[in-house]
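Novice: Coordinates in start-v8.pdb, PDB, C-alpha atoms, pLDDT in the B column, are listed below.
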ATOM      1  CA  MET A   1       0.000   0.000   0.000  1.00 47.00           C
ATOM      2  CA  SER A   2       1.357   3.427  -0.943  1.00 61.00           C
ATOM      3  CA  THR A   3       1.998   6.052   1.720  1.00 68.00           C
ATOM      4  CA  PRO A   4      -0.717   8.768   1.820  1.00 79.00           C
ATOM      5  CA  LEU A   5       0.429  12.099   0.426  1.00 88.00           C
ATOM      6  CA  ARG A   6       0.928  14.896   2.958  1.00 96.00           C
ATOM      7  CA  THR A   7      -1.287  17.872   2.146  1.00 97.00           C
ATOM      8  CA  LEU A   8      -1.326  21.543   3.088  1.00 98.00           C
ATOM      9  CA  GLY A   9      -4.007  24.102   2.315  1.00 98.00           C
ATOM     10  CA  VAL A  10      -3.000  27.765   2.171  1.00 98.00           C
ATOM     11  CA  ILE A  11      -5.518  30.606   1.970  1.00 97.00           C
ATOM     12  CA  PRO A  12      -3.718  33.756   0.752  1.00 96.00           C
ATOM     13  CA  ALA A  13      -5.625  36.666   2.290  1.00 94.00           C
ATOM     14  CA  ARG A  14      -4.126  39.894   0.963  1.00 91.00           C
ATOM     15  CA  ALA A  15      -5.509  43.092   2.440  1.00 91.00           C
ATOM     16  CA  GLN A  16      -5.431  45.298  -0.649  1.00 84.00           C
ATOM     17  CA  SER A  17      -7.433  44.736  -3.812  1.00 80.00           C
ATOM     18  CA  SER A  18      -7.648  47.408  -6.498  1.00 75.00           C
ATOM     19  CA  ARG A  19     -11.385  46.932  -7.010  1.00 80.00           C
ATOM     20  CA  PHE A  20     -12.372  45.974  -3.455  1.00 89.00           C
ATOM     21  CA  PRO A  21      -9.934  46.825  -0.618  1.00 89.00           C
ATOM     22  CA  LEU A  22     -10.113  44.487   2.400  1.00 94.00           C
ATOM     23  CA  LYS A  23     -12.556  42.247   0.542  1.00 95.00           C
ATOM     24  CA  VAL A  24     -11.147  39.129   2.239  1.00 96.00           C
ATOM     25  CA  ILE A  25     -12.729  40.252   5.514  1.00 97.00           C
ATOM     26  CA  ALA A  26     -15.833  41.874   4.017  1.00 96.00           C
ATOM     27  CA  PRO A  27     -18.885  40.609   5.938  1.00 97.00           C
ATOM     28  CA  ILE A  28     -21.091  37.987   4.304  1.00 97.00           C
ATOM     29  CA  LEU A  29     -24.133  37.230   6.459  1.00 97.00           C
ATOM     30  CA  GLY A  30     -22.195  38.538   9.443  1.00 95.00           C
ATOM     31  CA  LYS A  31     -18.973  36.552   8.906  1.00 97.00           C
ATOM     32  CA  PRO A  32     -15.752  37.684   7.196  1.00 97.00           C
ATOM     33  CA  MET A  33     -15.572  36.280   3.665  1.00 97.00           C
ATOM     34  CA  VAL A  34     -12.353  34.335   4.276  1.00 98.00           C
ATOM     35  CA  GLN A  35     -14.075  32.356   7.035  1.00 98.00           C
ATOM     36  CA  TYR A  36     -16.281  30.526   4.514  1.00 97.00           C
ATOM     37  CA  ILE A  37     -13.444  28.900   2.562  1.00 97.00           C
ATOM     38  CA  TRP A  38     -11.651  28.151   5.842  1.00 98.00           C
ATOM     39  CA  GLU A  39     -14.742  26.359   7.202  1.00 97.00           C
ATOM     40  CA  GLN A  40     -15.024  24.255   4.053  1.00 97.00           C
ATOM     41  CA  SER A  41     -11.306  23.428   4.221  1.00 97.00           C
ATOM     42  CA  GLN A  42     -11.856  22.092   7.749  1.00 97.00           C
ATOM     43  CA  GLN A  43     -14.425  19.650   6.373  1.00 97.00           C
ATOM     44  CA  ALA A  44     -12.170  18.425   3.542  1.00 97.00           C
ATOM     45  CA  SER A  45     -11.117  14.887   4.477  1.00 96.00           C
ATOM     46  CA  LYS A  46      -7.877  14.977   2.459  1.00 96.00           C
ATOM     47  CA  LEU A  47      -6.356  18.156   3.940  1.00 97.00           C
ATOM     48  CA  ASN A  48      -3.907  17.639   6.803  1.00 96.00           C
ATOM     49  CA  GLN A  49      -3.364  21.307   7.703  1.00 96.00           C
ATOM     50  CA  VAL A  50      -4.700  24.723   6.667  1.00 98.00           C
ATOM     51  CA  ILE A  51      -2.928  28.069   7.096  1.00 98.00           C
ATOM     52  CA  VAL A  52      -4.315  31.516   6.317  1.00 98.00           C
ATOM     53  CA  ALA A  53      -1.453  33.637   4.917  1.00 97.00           C
ATOM     54  CA  VAL A  54      -2.044  37.347   5.618  1.00 96.00           C
ATOM     55  CA  ASP A  55      -0.122  40.553   5.006  1.00 94.00           C
ATOM     56  CA  SER A  56      -1.771  42.989   7.426  1.00 94.00           C
ATOM     57  CA  PRO A  57      -2.477  43.119  11.179  1.00 96.00           C
ATOM     58  CA  LYS A  58      -6.139  43.989  10.503  1.00 96.00           C
ATOM     59  CA  VAL A  59      -6.716  40.841   8.452  1.00 96.00           C
ATOM     60  CA  MET A  60      -4.699  38.781  10.946  1.00 97.00           C
ATOM     61  CA  SER A  61      -6.904  39.942  13.798  1.00 97.00           C
ATOM     62  CA  ALA A  62     -10.098  39.089  11.887  1.00 97.00           C
ATOM     63  CA  VAL A  63      -8.801  35.615  11.034  1.00 97.00           C
ATOM     64  CA  GLN A  64      -7.597  34.873  14.569  1.00 97.00           C
ATOM     65  CA  ALA A  65     -11.074  35.774  15.850  1.00 97.00           C
ATOM     66  CA  PHE A  66     -12.619  32.702  14.185  1.00 97.00           C
ATOM     67  CA  GLY A  67      -9.824  30.377  15.291  1.00 96.00           C
ATOM     68  CA  ALA A  68      -7.805  29.712  12.141  1.00 97.00           C
ATOM     69  CA  HIS A  69      -4.060  29.077  12.022  1.00 97.00           C
ATOM     70  CA  VAL A  70      -2.743  32.364  10.638  1.00 97.00           C
ATOM     71  CA  LEU A  71       0.712  33.384   9.434  1.00 96.00           C
ATOM     72  CA  MET A  72       1.994  36.875   8.617  1.00 96.00           C
ATOM     73  CA  THR A  73       3.741  36.954   5.221  1.00 95.00           C
ATOM     74  CA  PRO A  74       5.716  39.719   3.476  1.00 93.00           C
ATOM     75  CA  PRO A  75       3.377  42.347   1.974  1.00 90.00           C
ATOM     76  CA  GLU A  76       5.636  42.776  -1.066  1.00 90.00           C
ATOM     77  CA  LEU A  77       4.917  39.266  -2.409  1.00 88.00           C
ATOM     78  CA  PRO A  78       3.443  39.927  -5.878  1.00 85.00           C
ATOM     79  CA  SER A  79       0.716  37.276  -6.102  1.00 86.00           C
ATOM     80  CA  GLY A  80      -1.374  34.779  -4.186  1.00 87.00           C
ATOM     81  CA  SER A  81       0.619  31.842  -5.520  1.00 90.00           C
ATOM     82  CA  ASP A  82       3.862  33.521  -4.374  1.00 91.00           C
ATOM     83  CA  ARG A  83       2.322  33.837  -0.902  1.00 94.00           C
ATOM     84  CA  VAL A  84       1.340  30.157  -0.980  1.00 96.00           C
ATOM     85  CA  ALA A  85       4.861  29.158  -2.107  1.00 96.00           C
ATOM     86  CA  HIS A  86       6.377  31.254   0.700  1.00 96.00           C
ATOM     87  CA  VAL A  87       4.322  29.327   3.276  1.00 96.00           C
ATOM     88  CA  ALA A  88       4.936  25.910   1.705  1.00 97.00           C
ATOM     89  CA  MET A  89       8.690  26.316   1.199  1.00 94.00           C
ATOM     90  CA  GLU A  90       9.760  25.249   4.697  1.00 90.00           C
ATOM     91  CA  ARG A  91       7.032  22.658   5.262  1.00 95.00           C
ATOM     92  CA  ASP A  92       7.393  18.919   4.715  1.00 96.00           C
ATOM     93  CA  VAL A  93       4.411  18.294   2.429  1.00 97.00           C
ATOM     94  CA  ASP A  94       3.713  16.682  -0.951  1.00 97.00           C
ATOM     95  CA  ILE A  95       0.639  18.611  -2.172  1.00 98.00           C
ATOM     96  CA  VAL A  96      -0.230  22.262  -1.585  1.00 98.00           C
ATOM     97  CA  ILE A  97      -3.710  23.687  -2.235  1.00 98.00           C
ATOM     98  CA  ASN A  98      -4.105  27.372  -3.063  1.00 97.00           C
ATOM     99  CA  LEU A  99      -7.530  28.162  -1.589  1.00 97.00           C
ATOM    100  CA  GLN A 100      -8.879  31.508  -2.758  1.00 94.00           C
ATOM    101  CA  ALA A 101     -10.461  33.622  -0.031  1.00 94.00           C
ATOM    102  CA  ASP A 102     -12.800  35.203  -2.595  1.00 94.00           C
ATOM    103  CA  GLU A 103     -14.499  31.853  -3.414  1.00 96.00           C
ATOM    104  CA  PRO A 104     -16.841  31.595  -0.405  1.00 96.00           C
ATOM    105  CA  LEU A 105     -19.133  29.035  -2.095  1.00 96.00           C
ATOM    106  CA  LEU A 106     -16.458  26.438  -2.861  1.00 96.00           C
ATOM    107  CA  SER A 107     -17.248  23.078  -1.213  1.00 95.00           C
ATOM    108  CA  ALA A 108     -15.092  20.700   0.792  1.00 97.00           C
ATOM    109  CA  ARG A 109     -15.991  18.066  -1.808  1.00 96.00           C
ATOM    110  CA  ALA A 110     -14.315  20.140  -4.546  1.00 96.00           C
ATOM    111  CA  ILE A 111     -11.151  20.504  -2.445  1.00 97.00           C
ATOM    112  CA  ASP A 112     -10.948  16.734  -1.960  1.00 97.00           C
ATOM    113  CA  GLN A 113     -11.601  16.231  -5.686  1.00 96.00           C
ATOM    114  CA  LEU A 114      -8.502  18.299  -6.533  1.00 96.00           C
ATOM    115  CA  ILE A 115      -6.277  16.346  -4.163  1.00 97.00           C
ATOM    116  CA  SER A 116      -7.607  13.043  -5.518  1.00 97.00           C
ATOM    117  CA  LYS A 117      -6.668  14.137  -9.039  1.00 97.00           C
ATOM    118  CA  LEU A 118      -2.993  14.427  -8.085  1.00 97.00           C
ATOM    119  CA  GLU A 119      -3.117  11.233  -6.011  1.00 96.00           C
ATOM    120  CA  GLN A 120      -4.473   9.263  -8.955  1.00 95.00           C
ATOM    121  CA  ASP A 121      -2.142  10.651 -11.638  1.00 96.00           C
ATOM    122  CA  PRO A 122       1.506  11.078 -10.560  1.00 96.00           C
ATOM    123  CA  THR A 123       2.391  12.637 -13.955  1.00 97.00           C
ATOM    124  CA  LEU A 124       0.376  15.804 -13.211  1.00 98.00           C
ATOM    125  CA  ASP A 125       2.139  18.876 -11.820  1.00 98.00           C
ATOM    126  CA  LEU A 126      -1.023  20.616 -10.696  1.00 98.00           C
ATOM    127  CA  ALA A 127      -4.797  20.371 -10.918  1.00 98.00           C
ATOM    128  CA  THR A 128      -7.640  22.860 -11.125  1.00 98.00           C
ATOM    129  CA  LEU A 129     -11.444  23.049 -11.361  1.00 97.00           C
ATOM    130  CA  VAL A 130     -13.892  23.811 -14.165  1.00 97.00           C
ATOM    131  CA  VAL A 131     -17.677  23.830 -14.377  1.00 96.00           C
ATOM    132  CA  PRO A 132     -19.684  23.379 -17.620  1.00 95.00           C
ATOM    133  CA  GLN A 133     -21.646  26.489 -18.657  1.00 94.00           C
ATOM    134  CA  SER A 134     -23.954  27.494 -21.504  1.00 91.00           C
ATOM    135  CA  ASN A 135     -24.747  31.157 -20.734  1.00 90.00           C
ATOM    136  CA  PRO A 136     -23.861  33.252 -23.837  1.00 90.00           C
ATOM    137  CA  GLN A 137     -23.414  36.369 -21.693  1.00 92.00           C
ATOM    138  CA  ALA A 138     -20.836  34.618 -19.510  1.00 92.00           C
ATOM    139  CA  LEU A 139     -19.080  33.227 -22.590  1.00 93.00           C
ATOM    140  CA  ASN A 140     -18.367  36.770 -23.756  1.00 93.00           C
ATOM    141  CA  ASP A 141     -17.541  38.173 -20.295  1.00 92.00           C
ATOM    142  CA  VAL A 142     -13.782  38.802 -19.999  1.00 90.00           C
ATOM    143  CA  ASN A 143     -14.053  38.410 -16.214  1.00 88.00           C
ATOM    144  CA  VAL A 144     -15.129  34.770 -16.700  1.00 92.00           C
ATOM    145  CA  VAL A 145     -12.061  32.661 -17.516  1.00 95.00           C
ATOM    146  CA  LYS A 146     -12.631  29.790 -19.965  1.00 96.00           C
ATOM    147  CA  CYS A 147     -10.714  26.536 -20.286  1.00 97.00           C
ATOM    148  CA  VAL A 148     -10.289  23.997 -23.052  1.00 96.00           C
ATOM    149  CA  LYS A 149      -9.067  20.523 -22.149  1.00 96.00           C
ATOM    150  CA  SER A 150      -7.921  17.327 -23.812  1.00 96.00           C
ATOM    151  CA  VAL A 151      -9.878  14.062 -23.889  1.00 95.00           C
ATOM    152  CA  THR A 152      -7.609  12.934 -21.029  1.00 96.00           C
ATOM    153  CA  ASP A 153      -8.747  15.910 -18.883  1.00 97.00           C
ATOM    154  CA  ARG A 154      -5.576  17.973 -19.160  1.00 98.00           C
ATOM    155  CA  ALA A 155      -5.726  21.708 -19.685  1.00 98.00           C
ATOM    156  CA  LEU A 156      -4.835  22.873 -23.196  1.00 97.00           C
ATOM    157  CA  TYR A 157      -5.459  26.603 -22.757  1.00 97.00           C
ATOM    158  CA  PHE A 158      -7.173  29.254 -20.643  1.00 97.00           C
ATOM    159  CA  SER A 159      -8.516  32.571 -21.932  1.00 97.00           C
ATOM    160  CA  ARG A 160     -10.728  35.498 -21.065  1.00 95.00           C
ATOM    161  CA  GLN A 161     -12.000  35.408 -24.644  1.00 95.00           C
ATOM    162  CA  PRO A 162     -14.812  33.064 -25.813  1.00 94.00           C
ATOM    163  CA  LEU A 163     -13.600  29.448 -25.988  1.00 93.00           C
ATOM    164  CA  ARG A 164     -16.430  27.066 -26.874  1.00 89.00           C
ATOM    165  CA  VAL A 165     -16.180  23.332 -26.275  1.00 87.00           C
ATOM    166  CA  SER A 166     -19.348  22.409 -28.206  1.00 84.00           C
ATOM    167  CA  PRO A 167     -21.118  23.636 -31.375  1.00 80.00           C
ATOM    168  CA  GLU A 168     -24.085  24.638 -29.210  1.00 80.00           C
ATOM    169  CA  GLY A 169     -21.958  27.246 -27.442  1.00 81.00           C
ATOM    170  CA  GLY A 170     -21.193  25.365 -24.235  1.00 94.00           C
ATOM    171  CA  PHE A 171     -17.913  26.171 -22.468  1.00 96.00           C
ATOM    172  CA  LEU A 172     -15.894  25.328 -19.371  1.00 97.00           C
ATOM    173  CA  LYS A 173     -15.738  28.080 -16.771  1.00 96.00           C
ATOM    174  CA  HIS A 174     -12.481  28.007 -14.808  1.00 96.00           C
ATOM    175  CA  ILE A 175     -12.625  28.110 -11.002  1.00 96.00           C
ATOM    176  CA  GLY A 176      -9.310  29.531  -9.805  1.00 91.00           C
ATOM    177  CA  ILE A 177      -8.413  26.977  -7.131  1.00 95.00           C
ATOM    178  CA  TYR A 178      -5.238  24.917  -7.617  1.00 97.00           C
ATOM    179  CA  ALA A 179      -3.620  21.828  -6.142  1.00 97.00           C
ATOM    180  CA  TYR A 180       0.162  21.752  -6.735  1.00 98.00           C
ATOM    181  CA  ARG A 181       2.848  19.219  -6.127  1.00 98.00           C
ATOM    182  CA  LYS A 182       5.178  21.136  -3.830  1.00 98.00           C
ATOM    183  CA  ASN A 183       8.147  20.963  -6.194  1.00 97.00           C
ATOM    184  CA  ALA A 184       5.995  22.227  -9.088  1.00 97.00           C
ATOM    185  CA  LEU A 185       4.738  25.162  -7.007  1.00 97.00           C
ATOM    186  CA  LEU A 186       8.264  26.191  -5.990  1.00 97.00           C
ATOM    187  CA  LYS A 187       9.487  25.866  -9.574  1.00 96.00           C
ATOM    188  CA  LEU A 188       6.586  27.947 -10.872  1.00 95.00           C
ATOM    189  CA  SER A 189       7.152  30.702  -8.307  1.00 93.00           C
ATOM    190  CA  LYS A 190      10.731  31.138  -9.561  1.00 94.00           C
ATOM    191  CA  LEU A 191       9.793  31.439 -13.244  1.00 94.00           C
ATOM    192  CA  ALA A 192       9.396  34.860 -14.831  1.00 93.00           C
ATOM    193  CA  PRO A 193       5.899  35.837 -16.045  1.00 91.00           C
ATOM    194  CA  SER A 194       5.432  34.340 -19.514  1.00 93.00           C
ATOM    195  CA  LEU A 195       4.273  35.981 -22.734  1.00 95.00           C
ATOM    196  CA  LEU A 196       0.838  34.333 -22.746  1.00 95.00           C
ATOM    197  CA  GLU A 197       0.422  35.050 -19.038  1.00 94.00           C
ATOM    198  CA  ARG A 198       1.074  38.756 -19.591  1.00 93.00           C
ATOM    199  CA  THR A 199      -1.196  38.843 -22.647  1.00 95.00           C
ATOM    200  CA  GLU A 200      -4.174  37.129 -21.007  1.00 95.00           C
ATOM    201  CA  LYS A 201      -3.386  38.254 -17.432  1.00 92.00           C
ATOM    202  CA  LEU A 202      -3.757  34.618 -16.322  1.00 94.00           C
ATOM    203  CA  GLU A 203      -1.025  33.211 -14.105  1.00 92.00           C
ATOM    204  CA  GLN A 204      -1.796  29.550 -14.908  1.00 95.00           C
ATOM    205  CA  LEU A 205      -0.578  30.089 -18.482  1.00 96.00           C
ATOM    206  CA  ARG A 206       2.964  30.389 -17.080  1.00 95.00           C
ATOM    207  CA  ALA A 207       2.711  26.723 -16.105  1.00 96.00           C
ATOM    208  CA  LEU A 208       1.462  25.638 -19.542  1.00 97.00           C
ATOM    209  CA  GLU A 209       4.047  27.720 -21.403  1.00 96.00           C
ATOM    210  CA  ASN A 210       6.813  26.082 -19.389  1.00 96.00           C
ATOM    211  CA  GLY A 211       5.640  22.544 -20.152  1.00 97.00           C
ATOM    212  CA  MET A 212       3.878  21.787 -16.884  1.00 98.00           C
ATOM    213  CA  SER A 213       0.803  19.542 -16.905  1.00 98.00           C
ATOM    214  CA  ILE A 214      -2.495  20.749 -15.413  1.00 98.00           C
ATOM    215  CA  GLY A 215      -5.195  18.201 -14.630  1.00 98.00           C
ATOM    216  CA  VAL A 216      -8.778  19.407 -14.989  1.00 98.00           C
ATOM    217  CA  CYS A 217     -11.519  18.362 -12.536  1.00 97.00           C
ATOM    218  CA  LEU A 218     -15.123  18.770 -13.663  1.00 96.00           C
ATOM    219  CA  MET A 219     -17.485  20.214 -11.050  1.00 93.00           C
ATOM    220  CA  ASN A 220     -21.269  20.054 -11.162  1.00 89.00           C
ATOM    221  CA  GLU A 221     -21.939  23.071  -8.938  1.00 88.00           C
ATOM    222  CA  ASP A 222     -20.973  26.618  -9.925  1.00 92.00           C
ATOM    223  CA  THR A 223     -19.415  29.142  -7.556  1.00 94.00           C
ATOM    224  CA  ILE A 224     -19.453  32.946  -7.387  1.00 93.00           C
ATOM    225  CA  ALA A 225     -16.103  34.687  -7.030  1.00 92.00           C
ATOM    226  CA  VAL A 226     -16.250  37.997  -5.150  1.00 94.00           C
ATOM    227  CA  ASP A 227     -14.481  40.608  -7.279  1.00 89.00           C
ATOM    228  CA  VAL A 228     -16.486  43.754  -6.468  1.00 90.00           C
ATOM    229  CA  PRO A 229     -18.774  44.750  -3.547  1.00 93.00           C
ATOM    230  CA  GLU A 230     -21.892  43.988  -5.595  1.00 95.00           C
ATOM    231  CA  ASP A 231     -20.918  40.304  -5.666  1.00 95.00           C
ATOM    232  CA  ILE A 232     -21.522  40.041  -1.908  1.00 96.00           C
ATOM    233  CA  GLN A 233     -25.291  40.237  -2.420  1.00 96.00           C
ATOM    234  CA  LYS A 234     -25.165  37.472  -5.050  1.00 96.00           C
ATOM    235  CA  VAL A 235     -23.316  35.189  -2.637  1.00 97.00           C
ATOM    236  CA  GLU A 236     -25.699  36.000   0.214  1.00 97.00           C
ATOM    237  CA  ARG A 237     -28.708  35.073  -1.945  1.00 96.00           C
ATOM    238  CA  VAL A 238     -27.161  31.669  -2.681  1.00 95.00           C
ATOM    239  CA  LEU A 239     -26.267  31.092   0.974  1.00 95.00           C
ATOM    240  CA  ARG A 240     -29.766  32.007   2.155  1.00 95.00           C
ATOM    241  CA  ALA A 241     -31.230  29.590  -0.396  1.00 94.00           C
ATOM    242  CA  LYS A 242     -29.041  26.905   1.213  1.00 89.00           C
ATOM    243  CA  GLY A 243     -30.330  27.751   4.670  1.00 86.00           C
ATOM    244  CA  TYR A 244     -27.577  30.068   5.968  1.00 83.00           C
ATOM    245  CA  GLU A 245     -28.731  33.018   8.062  1.00 74.00           C
ATOM    246  CA  ASN A 246     -26.905  35.716  10.030  1.00 65.00           C
TER     247      ASN A 246
END
Give the structure from the file, written as structure tokens.
Specialist:
Amino acid sequence: MSTPLRTLGVIPARAQSSRFPLKVIAPILGKPMVQYIWEQSQQASKLNQVIVAVDSPKVMSAVQAFGAHVLMTPPELPSGSDRVAHVAMERDVDIVINLQADEPLLSARAIDQLISKLEQDPTLDLATLVVPQSNPQALNDVNVVKCVKSVTDRALYFSRQPLRVSPEGGFLKHIGIYAYRKNALLKLSKLAPSLLERTEKLEQLRALENGMSIGVCLMNEDTIAVDVPEDIQKVERVLRAKGYEN
């Protein structure tokens, strides 16, 4: 029997956001947004440890208040994945999950699905999530990232532009959560931003351009990423429909 892989979840919770400052602790039904993904990570059966990586005392205080393991990281780190790599570097783990604080509707089941993908296929460097969509408005929305994959469920490309996967107009919406093998994450964090990455403003293209393999996990349930304050109300409507109340 093979030894179980050691797993670490990191939630990068940066204070500043150009469109929504301090969004990671913005209240959603009375709780800071980052608390939702942390609670789901606690229910994920395949995660051994979860750390919230912050860059400001205000966010640290909010995270400590709901009992999470929190770590202060350098504010000058340029991206969430760099913050995750900084946390993972000195830890003895095999798989690292980058859990986005602005995905409050992501389920524990989806987190376990990502880890299983890397457990089942040792040739993959990282794995990510997609959900099938058919909304023409979303297809043409540059804020909705699309993915095309191979028949073996490996990512071929990601774009903000329309990328259909069926003649009827269906597409795969990318959910920006990643599971990395630790060595792949550290390698990626040391690579310079690639041409396609800079063109599309999508960090995952750096991995593809440098020959890394990305496994794609199909989800059945969509999520709502919080990019602007107006997205809070959308998330609250979904949570209330599921029985959450403040």
Novice: How many Å separate atom CA of Ala108 of chain A from atom CA of Arg240 of chain A?
Specialist: 18.6 Å
Novice: The PyMOL selection byres ((chain A and resi 231-235) around 12) on the file shown: which residues, as an MDAnalysis selection string?
Specialist: chainID A and resid 19:20 23:33 36 102:106 222:230 236:242 244
Novice: Quick one: residues within 10 Å of segment 135-143 of chain A, only C-alpha atoms counted, chain neighbours fewer than 6 positions away excluded, as a list of chain:residue names?
Specialist: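 Surrounding residues, per the criterion: A:Ser159, A:Arg160, A:Gln161, A:Pro162, A:Leu163, A:Arg164, A:Gly169, A:Gly170, A:Phe171, A:Leu172, A:Lys173, A:Glu200, A:Asp227.
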Novice: Would you mind exporting the chosen residues as a CSV table (one decimal), in the frame of the given file, restricted to C-alpha atoms?
Specialist:
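Saved to selection_20.csv:
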chain,number,residue,atom,x,y,z
A,159,SER,CA,-8.5,32.6,-21.9
A,160,ARG,CA,-10.7,35.5,-21.1
A,161,GLN,CA,-12.0,35.4,-24.6
A,162,PRO,CA,-14.8,33.1,-25.8
A,163,LEU,CA,-13.6,29.4,-26.0
A,164,ARG,CA,-16.4,27.1,-26.9
A,169,GLY,CA,-22.0,27.2,-27.4
A,170,GLY,CA,-21.2,25.4,-24.2
A,171,PHE,CA,-17.9,26.2,-22.5
A,172,LEU,CA,-15.9,25.3,-19.4
A,173,LYS,CA,-15.7,28.1,-16.8
A,200,GLU,CA,-4.2,37.1,-21.0
A,227,ASP,CA,-14.5,40.6,-7.3
Novice: How many Å separate atom CA of Lys117 of chain A from atom CA of Asn98 of chain A?
Specialist: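 Rounded to one decimal, the two atoms are 14.7 Å apart.
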Novice: Between atom CA of Ser18 of chain A and atom CA of Ala179 of chain A, what distance in Å does the model show, to one decimal?
Specialist: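 Between these atoms lies a distance of 25.9 Å.
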Novice: For Arg83 of chain A, list every protein, DNA or RNA residue within 8 Å, evaluated using all atoms listed in the file, and leave out those in the same chain fewer than 4 positions away; present the list as an NGL selection string.
Specialist: :A and (12 or 53 or 73 or 77-79 or 87)
Novice: I need the residue nearest Gln16 of chain A from this list: A:Ile51, A:Pro75, A:Gln43, A:Tyr178. Use all atoms listed in the file for the distance.
Specialist: A:Pro75
Novice: Pick from A:Lys149, A:Lys201, A:His174, A:Arg206: nearest to Leu188 of chain A, with only C-alpha atoms counted?
Specialist: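 Nearest to Leu188 of chain A: A:Arg206.
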Novice: What residues come out when you apply the PyMOL selection byres ((chain A and resi 85) around 10) to this file, written as an MDAnalysis selection string?
Specialist: chainID A and resid 10 79:84 86:90 96 98 180 182:190
Novice: Excluding same-chain residues fewer than 5 positions from Met72 of chain A, what lies within 9 Å of it counting only C-alpha atoms, as JSON, numbers by chain?
Specialist: {"A": [52, 53, 54, 55, 56, 57, 60]}
Novice: Quick one: residues within 12 Å of Asn220 of chain A, all atoms listed in the file counted, chain neighbours fewer than 5 positions away excluded, as a ChimeraX atom specification?
Specialist: /A:106-107,109-110,113,129-133,172-173,175
Novice: Output C-alpha atoms for every residue in that selection, as a short mmCIF file (atom, residue, chain, number, x, y, z; two decimals), keeping the file's coordinate frame.
Specialist:
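Generated file (selection15.cif):
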data_model
loop_
_atom_site.label_atom_id
_atom_site.label_comp_id
_atom_site.auth_asym_id
_atom_site.auth_seq_id
_atom_site.Cartn_x
_atom_site.Cartn_y
_atom_site.Cartn_z
CA LEU A 106 -16.46 26.44 -2.86
CA SER A 107 -17.25 23.08 -1.21
CA ARG A 109 -15.99 18.07 -1.81
CA ALA A 110 -14.32 20.14 -4.55
CA GLN A 113 -11.60 16.23 -5.69
CA LEU A 129 -11.44 23.05 -11.36
CA VAL A 130 -13.89 23.81 -14.16
CA VAL A 131 -17.68 23.83 -14.38
CA PRO A 132 -19.68 23.38 -17.62
CA GLN A 133 -21.65 26.49 -18.66
CA LEU A 172 -15.89 25.33 -19.37
CA LYS A 173 -15.74 28.08 -16.77
CA ILE A 175 -12.62 28.11 -11.00
#
Novice: Quick check on the file I pasted: which residues fall under the PyMOL selection byres ((chain A and resi 150) around 12)? Write them as JSON, numbers by chain.
Specialist: {"A": [147, 148, 149, 151, 152, 153, 154, 155, 156, 157, 165, 213, 214, 215, 216, 217]}
Novice: For Thr7 of chain A, which of A:Val34, A:Lys58, A:Arg181, A:Gly67 is the closest residue, counting only C-alpha atoms?
Specialist: A:Arg181
